$ cat query-v4.txt   # compact mmCIF, C-alpha atoms
# COMPACT_ATOMS: atom_id res chain seq x y z
CA MET A 109 -30.41 3.49 208.58
CA LEU A 110 -30.28 6.49 206.26
CA LEU A 111 -31.71 7.57 202.93
CA THR A 112 -28.67 7.89 200.67
CA GLY A 113 -30.21 7.91 197.18
CA LEU A 114 -33.17 9.62 195.50
CA HIS A 115 -33.97 9.09 191.83
CA ILE A 116 -36.71 10.39 189.56
CA HIS A 117 -37.40 9.17 186.02
CA PRO A 118 -39.57 11.82 184.33
CA VAL A 119 -40.16 9.54 181.32
CA LYS A 120 -40.57 5.83 181.93
CA SER A 121 -37.29 4.03 181.08
CA MET A 122 -35.38 7.21 180.17
CA TYR A 123 -32.34 8.51 182.04
CA ARG A 124 -32.68 9.34 185.75
CA LEU A 125 -32.47 12.54 187.75
CA SER A 126 -30.88 12.34 191.21
CA PRO A 127 -31.99 15.31 193.32
CA GLU A 128 -31.12 15.94 196.96
CA GLN A 129 -34.79 16.12 197.89
CA ALA A 130 -38.12 15.17 196.32
CA ARG A 131 -41.77 15.76 197.11
CA VAL A 132 -43.89 12.66 197.67
CA GLU A 133 -47.34 12.38 196.13
CA PRO A 134 -49.83 9.52 196.62
CA TRP A 135 -48.74 8.02 193.27
CA GLY A 136 -44.97 8.41 193.73
CA LEU A 137 -42.20 11.00 193.77
CA ALA A 138 -43.32 14.23 192.14
CA GLY A 139 -42.53 14.08 188.44
CA ASP A 140 -41.60 10.40 188.40
CA ARG A 141 -42.79 8.45 185.35
CA ARG A 142 -45.63 10.80 184.42
CA TRP A 143 -44.57 10.44 180.75
CA MET A 144 -43.83 7.38 178.65
CA LEU A 145 -43.45 6.12 175.11
CA VAL A 146 -46.04 3.81 173.59
CA ASP A 147 -46.13 1.79 170.38
CA ALA A 148 -48.86 1.79 167.74
CA THR A 149 -51.08 -0.41 169.94
CA GLY A 150 -50.73 1.85 172.98
CA ARG A 151 -48.47 -0.56 174.87
CA PHE A 152 -45.63 1.02 176.83
CA VAL A 153 -42.11 1.02 175.36
CA SER A 154 -39.10 0.62 177.62
CA GLN A 155 -35.45 -0.42 177.59
CA ARG A 156 -36.73 -3.98 177.33
CA ASP A 157 -37.71 -3.12 173.75
CA ASP A 158 -35.11 -0.49 172.81
CA THR A 159 -32.06 0.24 174.96
CA ALA A 160 -31.61 3.62 173.26
CA VAL A 161 -34.64 4.88 175.20
CA GLY A 162 -32.50 4.95 178.35
CA LEU A 163 -29.96 7.31 176.81
CA ILE A 164 -32.41 10.18 176.30
CA ARG A 165 -32.31 12.65 179.18
CA ALA A 166 -35.58 14.13 180.36
CA GLU A 167 -36.02 17.05 182.72
CA PRO A 168 -39.27 18.78 183.65
CA ALA A 169 -39.34 22.58 183.75
CA ALA A 170 -41.20 24.58 186.40
CA ASP A 171 -44.16 25.19 184.08
CA GLY A 172 -44.60 21.47 183.35
CA THR A 173 -42.75 21.53 180.03
CA LEU A 174 -40.62 18.44 179.44
CA VAL A 175 -37.12 19.04 178.07
CA LEU A 176 -35.69 16.07 176.15
CA THR A 177 -32.04 15.83 175.11
CA ALA A 178 -30.63 13.08 172.88
CA PRO A 179 -27.06 11.72 173.21
CA GLY A 180 -26.02 13.69 170.13
CA GLY A 181 -27.21 16.96 171.65
CA SER A 182 -30.52 17.37 169.82
CA ARG A 183 -33.03 18.99 172.19
CA ILE A 184 -36.76 19.67 172.27
CA GLU A 185 -39.16 21.30 174.72
CA VAL A 186 -42.49 19.53 174.99
CA PRO A 187 -45.45 21.32 176.62
CA ALA A 188 -47.41 19.01 178.92
CA PRO A 189 -50.61 17.98 177.11
CA GLY A 190 -53.88 17.34 178.92
CA ALA A 191 -57.55 16.64 178.40
CA ALA A 192 -58.50 20.02 179.89
CA ALA A 193 -56.59 21.74 177.08
CA GLY A 194 -58.37 19.70 174.44
CA ASP A 195 -55.38 17.53 173.59
CA PRO A 196 -56.19 14.08 172.19
CA LEU A 197 -56.30 11.17 174.62
CA ALA A 198 -54.94 7.74 173.79
CA GLU A 199 -55.78 4.45 175.43
CA VAL A 200 -52.46 3.11 176.71
CA GLU A 201 -51.35 -0.02 178.55
CA VAL A 202 -48.77 -0.92 181.19
CA TRP A 203 -48.58 -4.62 182.07
CA GLY A 204 -52.23 -5.24 181.24
CA ALA A 205 -53.59 -2.12 182.96
CA ARG A 206 -55.33 0.11 180.43
CA PHE A 207 -55.99 3.80 181.02
CA HIS A 208 -55.99 7.10 179.13
CA ALA A 209 -53.08 9.50 178.67
CA ALA A 210 -52.72 12.70 176.64
CA GLU A 211 -50.65 12.67 173.47
CA ALA A 212 -47.81 15.14 173.07
CA ALA A 213 -47.78 17.53 170.12
CA LYS A 214 -46.85 16.31 166.64
CA GLU A 215 -43.46 18.04 166.82
CA ALA A 216 -42.52 15.87 169.79
CA GLN A 217 -43.59 12.71 168.00
CA LEU A 218 -41.45 13.62 164.99
CA TRP A 219 -38.45 14.29 167.25
CA ILE A 220 -38.88 10.91 168.97
CA ALA A 221 -39.05 9.21 165.56
CA GLU A 222 -35.76 10.86 164.57
CA GLN A 223 -33.97 9.69 167.72
CA LEU A 224 -35.26 6.13 168.08
CA ASN A 225 -35.75 3.22 165.73
CA GLY A 226 -39.45 2.71 166.21
CA ASP A 227 -42.93 4.08 165.62
CA TYR A 228 -43.36 5.45 169.13
CA ARG A 229 -45.64 8.12 170.59
CA LEU A 230 -44.94 10.25 173.66
CA VAL A 231 -47.82 10.47 176.12
CA HIS A 232 -48.41 12.23 179.42
CA LEU A 233 -50.50 11.07 182.37
CA ASP A 234 -52.29 14.32 183.16
CA ASP A 235 -54.56 12.55 185.67
CA PRO A 236 -52.42 10.49 188.08
CA ARG A 237 -55.59 9.05 189.64
CA ALA A 238 -56.42 7.22 186.41
CA ARG A 239 -54.53 4.02 187.18
CA PRO A 240 -55.18 2.06 190.37
CA VAL A 241 -52.60 -0.14 192.05
CA ASP A 242 -53.18 -3.90 191.80
CA PRO A 243 -55.90 -4.45 194.45
CA LYS A 244 -54.11 -7.60 195.68
CA PHE A 245 -51.42 -5.33 197.10
CA GLY A 246 -52.95 -1.87 197.44
CA GLY A 247 -55.99 -0.44 199.15
CA PRO A 248 -58.96 1.58 197.87
CA GLY A 249 -57.77 4.81 196.28
CA ASP A 250 -54.13 3.73 195.87
CA THR A 251 -52.95 4.79 192.42
CA VAL A 252 -49.71 4.72 190.47
CA SER A 253 -48.33 6.79 187.61
CA MET A 254 -46.64 5.01 184.69
CA ALA A 255 -44.26 2.95 186.82
CA ASP A 256 -44.47 -0.81 186.31
CA GLY A 257 -46.82 -1.35 189.22
CA PHE A 258 -46.27 0.73 192.36
CA PRO A 259 -45.56 4.33 193.39
CA LEU A 260 -41.97 3.86 194.63
CA LEU A 261 -39.19 1.29 194.45
CA LEU A 262 -36.74 0.89 197.34
CA THR A 263 -33.33 -0.78 197.24
CA THR A 264 -30.54 -1.05 199.82
CA THR A 265 -26.79 -0.69 199.46
CA ALA A 266 -26.19 -3.72 201.68
CA SER A 267 -28.18 -5.97 199.35
CA LEU A 268 -26.31 -4.62 196.34
CA ASP A 269 -23.00 -5.35 198.08
CA ARG A 270 -24.17 -8.90 198.83
CA LEU A 271 -25.34 -9.37 195.24
CA ASN A 272 -22.00 -8.18 193.86
CA ALA A 273 -20.22 -10.60 196.21
CA LEU A 274 -22.39 -13.46 194.96
CA ILE A 275 -21.72 -12.49 191.35
CA ALA A 276 -18.00 -12.48 192.09
CA GLN A 277 -18.32 -16.04 193.45
CA GLU A 278 -20.15 -17.09 190.28
CA HIS A 279 -17.45 -15.50 188.10
CA PRO A 280 -14.04 -16.18 189.69
CA GLU A 281 -12.44 -15.09 186.42
CA GLY A 282 -13.73 -11.57 187.08
CA HIS A 283 -16.85 -9.55 186.42
CA GLU A 284 -17.86 -5.91 186.55
CA VAL A 285 -19.22 -4.53 189.82
CA LEU A 286 -22.84 -3.57 189.24
CA PRO A 287 -23.92 -0.03 190.15
CA MET A 288 -27.28 0.72 191.76
CA ALA A 289 -28.39 2.52 188.59
CA ARG A 290 -28.99 -0.88 186.94
CA PHE A 291 -32.03 -1.32 189.21
CA ARG A 292 -33.59 2.12 188.64
CA PRO A 293 -34.85 2.65 192.22
CA ASN A 294 -36.55 5.75 193.60
CA VAL A 295 -35.11 5.50 197.12
CA VAL A 296 -31.87 3.89 198.29
CA VAL A 297 -31.30 3.02 201.94
CA SER A 298 -27.92 2.42 203.61
CA GLY A 299 -27.15 0.88 207.00
CA SER A 300 -29.32 -2.24 206.86
CA GLU A 301 -28.34 -5.88 206.74
CA PRO A 302 -28.31 -7.58 203.30
CA TRP A 303 -31.83 -8.53 202.18
CA ALA A 304 -33.31 -7.03 205.37
CA GLU A 305 -35.89 -5.21 203.23
CA ASP A 306 -37.45 -8.58 202.37
CA GLY A 307 -38.89 -8.66 205.89
CA TRP A 308 -40.16 -5.08 206.07
CA ARG A 309 -43.89 -4.39 206.06
CA ARG A 310 -43.98 -0.73 207.03
CA ILE A 311 -41.22 1.87 207.31
CA ARG A 312 -40.68 5.53 208.06
CA ILE A 313 -38.37 7.67 205.92
CA GLY A 314 -37.92 11.13 207.37
CA GLU A 315 -41.39 12.56 207.99
CA LEU A 316 -43.32 10.00 205.92
CA THR A 317 -44.42 6.40 206.32
CA PHE A 318 -44.73 3.76 203.62
CA LYS A 319 -46.28 0.33 203.20
CA VAL A 320 -43.81 -2.23 201.83
CA VAL A 321 -46.08 -4.25 199.58
CA LYS A 322 -44.25 -6.50 197.14
CA PRO A 323 -40.77 -7.63 196.04
CA CYS A 324 -39.64 -6.35 192.67
CA GLY A 325 -39.17 -9.13 190.12
CA ARG A 326 -36.34 -8.13 187.79
CA CYS A 327 -36.02 -8.17 184.02
CA VAL A 328 -33.47 -7.66 181.23
CA VAL A 329 -33.17 -3.93 182.00
CA THR A 330 -30.88 -4.86 184.90
CA THR A 331 -28.40 -6.28 182.38
CA THR A 332 -28.25 -2.95 180.52
CA ASP A 333 -25.49 -0.40 181.12
CA GLN A 334 -27.41 2.79 181.89
CA GLU A 335 -24.63 5.00 180.53
CA SER A 336 -23.99 3.26 177.18
CA GLY A 337 -27.22 1.36 176.51
CA GLU A 338 -25.23 -1.85 176.01
CA ARG A 339 -26.56 -5.21 177.15
CA ARG A 340 -23.84 -6.65 179.37
CA GLY A 341 -24.67 -10.34 179.60
CA PRO A 342 -26.74 -12.49 181.97
CA GLU A 343 -25.90 -10.74 185.23
CA PRO A 344 -27.43 -9.94 187.62
CA LEU A 345 -30.41 -12.06 186.54
CA ARG A 346 -28.50 -15.35 186.63
CA THR A 347 -27.22 -14.84 190.16
CA LEU A 348 -30.51 -13.48 191.46
CA ALA A 349 -32.33 -16.49 190.01
CA ARG A 350 -29.95 -18.80 191.89
CA HIS A 351 -29.71 -16.95 195.18
CA HIS A 352 -32.61 -14.54 195.63
CA ARG A 353 -35.97 -15.66 194.28
CA LEU A 354 -39.10 -14.16 195.83
CA LEU A 355 -42.60 -14.98 194.63
CA LYS A 356 -40.98 -17.27 192.03
CA LYS A 357 -39.02 -14.43 190.42
CA ALA A 358 -35.43 -13.21 190.48
CA SER A 359 -35.93 -10.25 192.79
CA PHE A 360 -34.13 -7.16 193.98
CA GLY A 361 -35.77 -4.33 195.92
CA GLN A 362 -39.21 -3.73 197.37
CA ASN A 363 -42.19 -1.72 196.15
CA LEU A 364 -43.66 0.99 198.37
CA ILE A 365 -47.00 2.76 198.70
CA PRO A 366 -46.91 6.05 200.64
CA GLU A 367 -49.32 6.58 203.52
CA ARG A 368 -51.14 9.87 203.91
CA PRO A 369 -50.14 11.64 207.14
CA ALA A 370 -52.97 12.61 209.46
CA GLY A 371 -54.31 16.06 208.66
CA VAL A 372 -52.52 16.34 205.32
CA GLY A 373 -54.73 17.00 202.31
CA GLY A 374 -53.93 17.66 198.67
CA ASP A 375 -51.41 15.98 196.42
CA VAL A 376 -48.19 16.65 198.37
CA LEU A 377 -47.76 14.30 201.31
CA GLY A 378 -44.33 15.56 202.35
CA THR A 379 -40.70 15.72 201.26
CA LEU A 380 -37.87 13.19 201.32
CA ARG A 381 -34.32 14.45 201.73
CA LEU A 382 -30.96 12.73 201.45
CA GLY A 383 -29.78 11.93 204.95
CA ASP A 384 -33.28 11.28 206.29
CA GLU A 385 -33.41 8.57 208.94
CA VAL A 386 -35.11 5.31 207.97
CA GLU A 387 -36.91 3.34 210.66
CA LEU A 388 -38.53 -0.09 210.54
CA LEU A 389 -42.03 0.23 211.98
CA GLU A 390 -43.38 -3.25 211.23
CA GLY A 391 -41.72 -6.44 210.06
CA GLY A 392 -42.80 -9.82 208.74
CA ALA A 393 -42.62 -11.65 205.40
CA HIS A 394 -45.30 -10.98 202.80
CA TRP A 395 -45.05 -14.28 200.94
CA PRO A 396 -44.67 -18.02 201.62
CA THR A 397 -41.16 -18.79 202.78
CA ASP A 398 -41.04 -21.88 200.55
CA GLU A 399 -40.90 -19.51 197.55
CA ARG A 400 -37.54 -18.13 198.71
CA VAL A 401 -34.16 -19.69 198.04
$ encode --input "query-v4.txt" --output "structure tokens"
Amino acid sequence: MLLTGLHIHPVKSMYRLSPEQARVEPWGLAGDRRWMLVDATGRFVSQRDDTAVGLIRAEPAADGTLVLTAPGGSRIEVPAPGAAAGDPLAEVEVWGARFHAAEAAKEAQLWIAEQLNGDYRLVHLDDPRARPVDPKFGGPGDTVSMADGFPLLLTTTASLDRLNALIAQEHPEGHEVLPMARFRPNVVVSGSEPWAEDGWRRIRIGELTFKVVKPCGRCVVTTTDQESGERRGPEPLRTLARHHRLLKKASFGQNLIPERPAGVGGDVLGTLRLGDEVELLEGGAHWPTDERV
């Protein structure tokens, strides 16, 4: 098996970057989902709420500045705020987990208001140790940035091919072939059997090892065209609900937590590169088999 896709989302739910290599930190790929939009209550805003969020392109500069570009070409550079610089902190929330993040400058907030139809604020997680992983699935010290729940999300091309075949069976009159971008993964693996990742517990990708901790229950974002922002109907949720339910949810992909290599200190655990070999180190289901169909 090989690593054939790498994707980073600098701002939660905004457009992806697809580099050829990426550093791995304890809380995810370097630069992945360290920023997000929140509403007036501090709750995260995503494509679930506003599909236009996904059309804004975000790219971090070497000095930590975030460059945002809207579909119409409007562009802004946003310096990374932080508590150490005296920037205001906001209490924010992702799926019930509350933590503090630094608010971007007023100019950035005004730009966001001009581009999107909502009273949203842009915030930055200057301390990636602030949000622990759900202790039911992670160990002491495991943290996550502003992703939904875990440091990395893995998908496989074989499972996407099987899903598209199932969708074709459900729609004999014809239906679009879904691209992997609908599922917004961090790492994509080719060369496995369909749904093989459901039975992985621990894997190696290149020089690094990962715990495979939980299936990813899917939401309406998977029905959203990532290039146009258009909702495209009930697929793939309808077919996943009929053919691939894990832990009582329509599921696609598996969540990962990186393991720290022996003798490696600091925030950088290693680097993933396209073409890296992927090896199954430990298998076995994580959940009752009677919750699968």
$ atom_distance --input "query-v4.txt" --atom1 "CA of Arg312 in chain A" --atom2 "CA of Val295 in chain A"
12.3 Å
$ atom_distance --input "query-v4.txt" --atom1 "CA of Val320 in chain A" --atom2 "CA of Asn272 in chain A"
24.0 Å
$ closest_residue --input "query-v4.txt" --among "A:Gly139, A:Pro344, A:Gly378, A:Pro196" --to "Gly314 in chain A" --atoms "all atoms listed in the file"
A:Gly378
$ closest_residue --input "query-v4.txt" --among "A:Ala198, A:Val329, A:Ile311, A:Leu345" --to "Glu367 in chain A" --atoms "all atoms listed in the file"
A:Ile311
$ residues_near_point --input "query-v4.txt" --point "(-49.9, 18.2, 193.9)" --cutoff "8 Å" --atoms "only C-alpha atoms" --output "JSON, numbers by chain"
{"A": [133, 138, 374, 375, 376]}
$ closest_residue --input "query-v4.txt" --among "A:Val285, A:Ile220, A:Val119, A:Leu111" --to "Gln155 in chain A" --atoms "all atoms listed in the file"
A:Val119
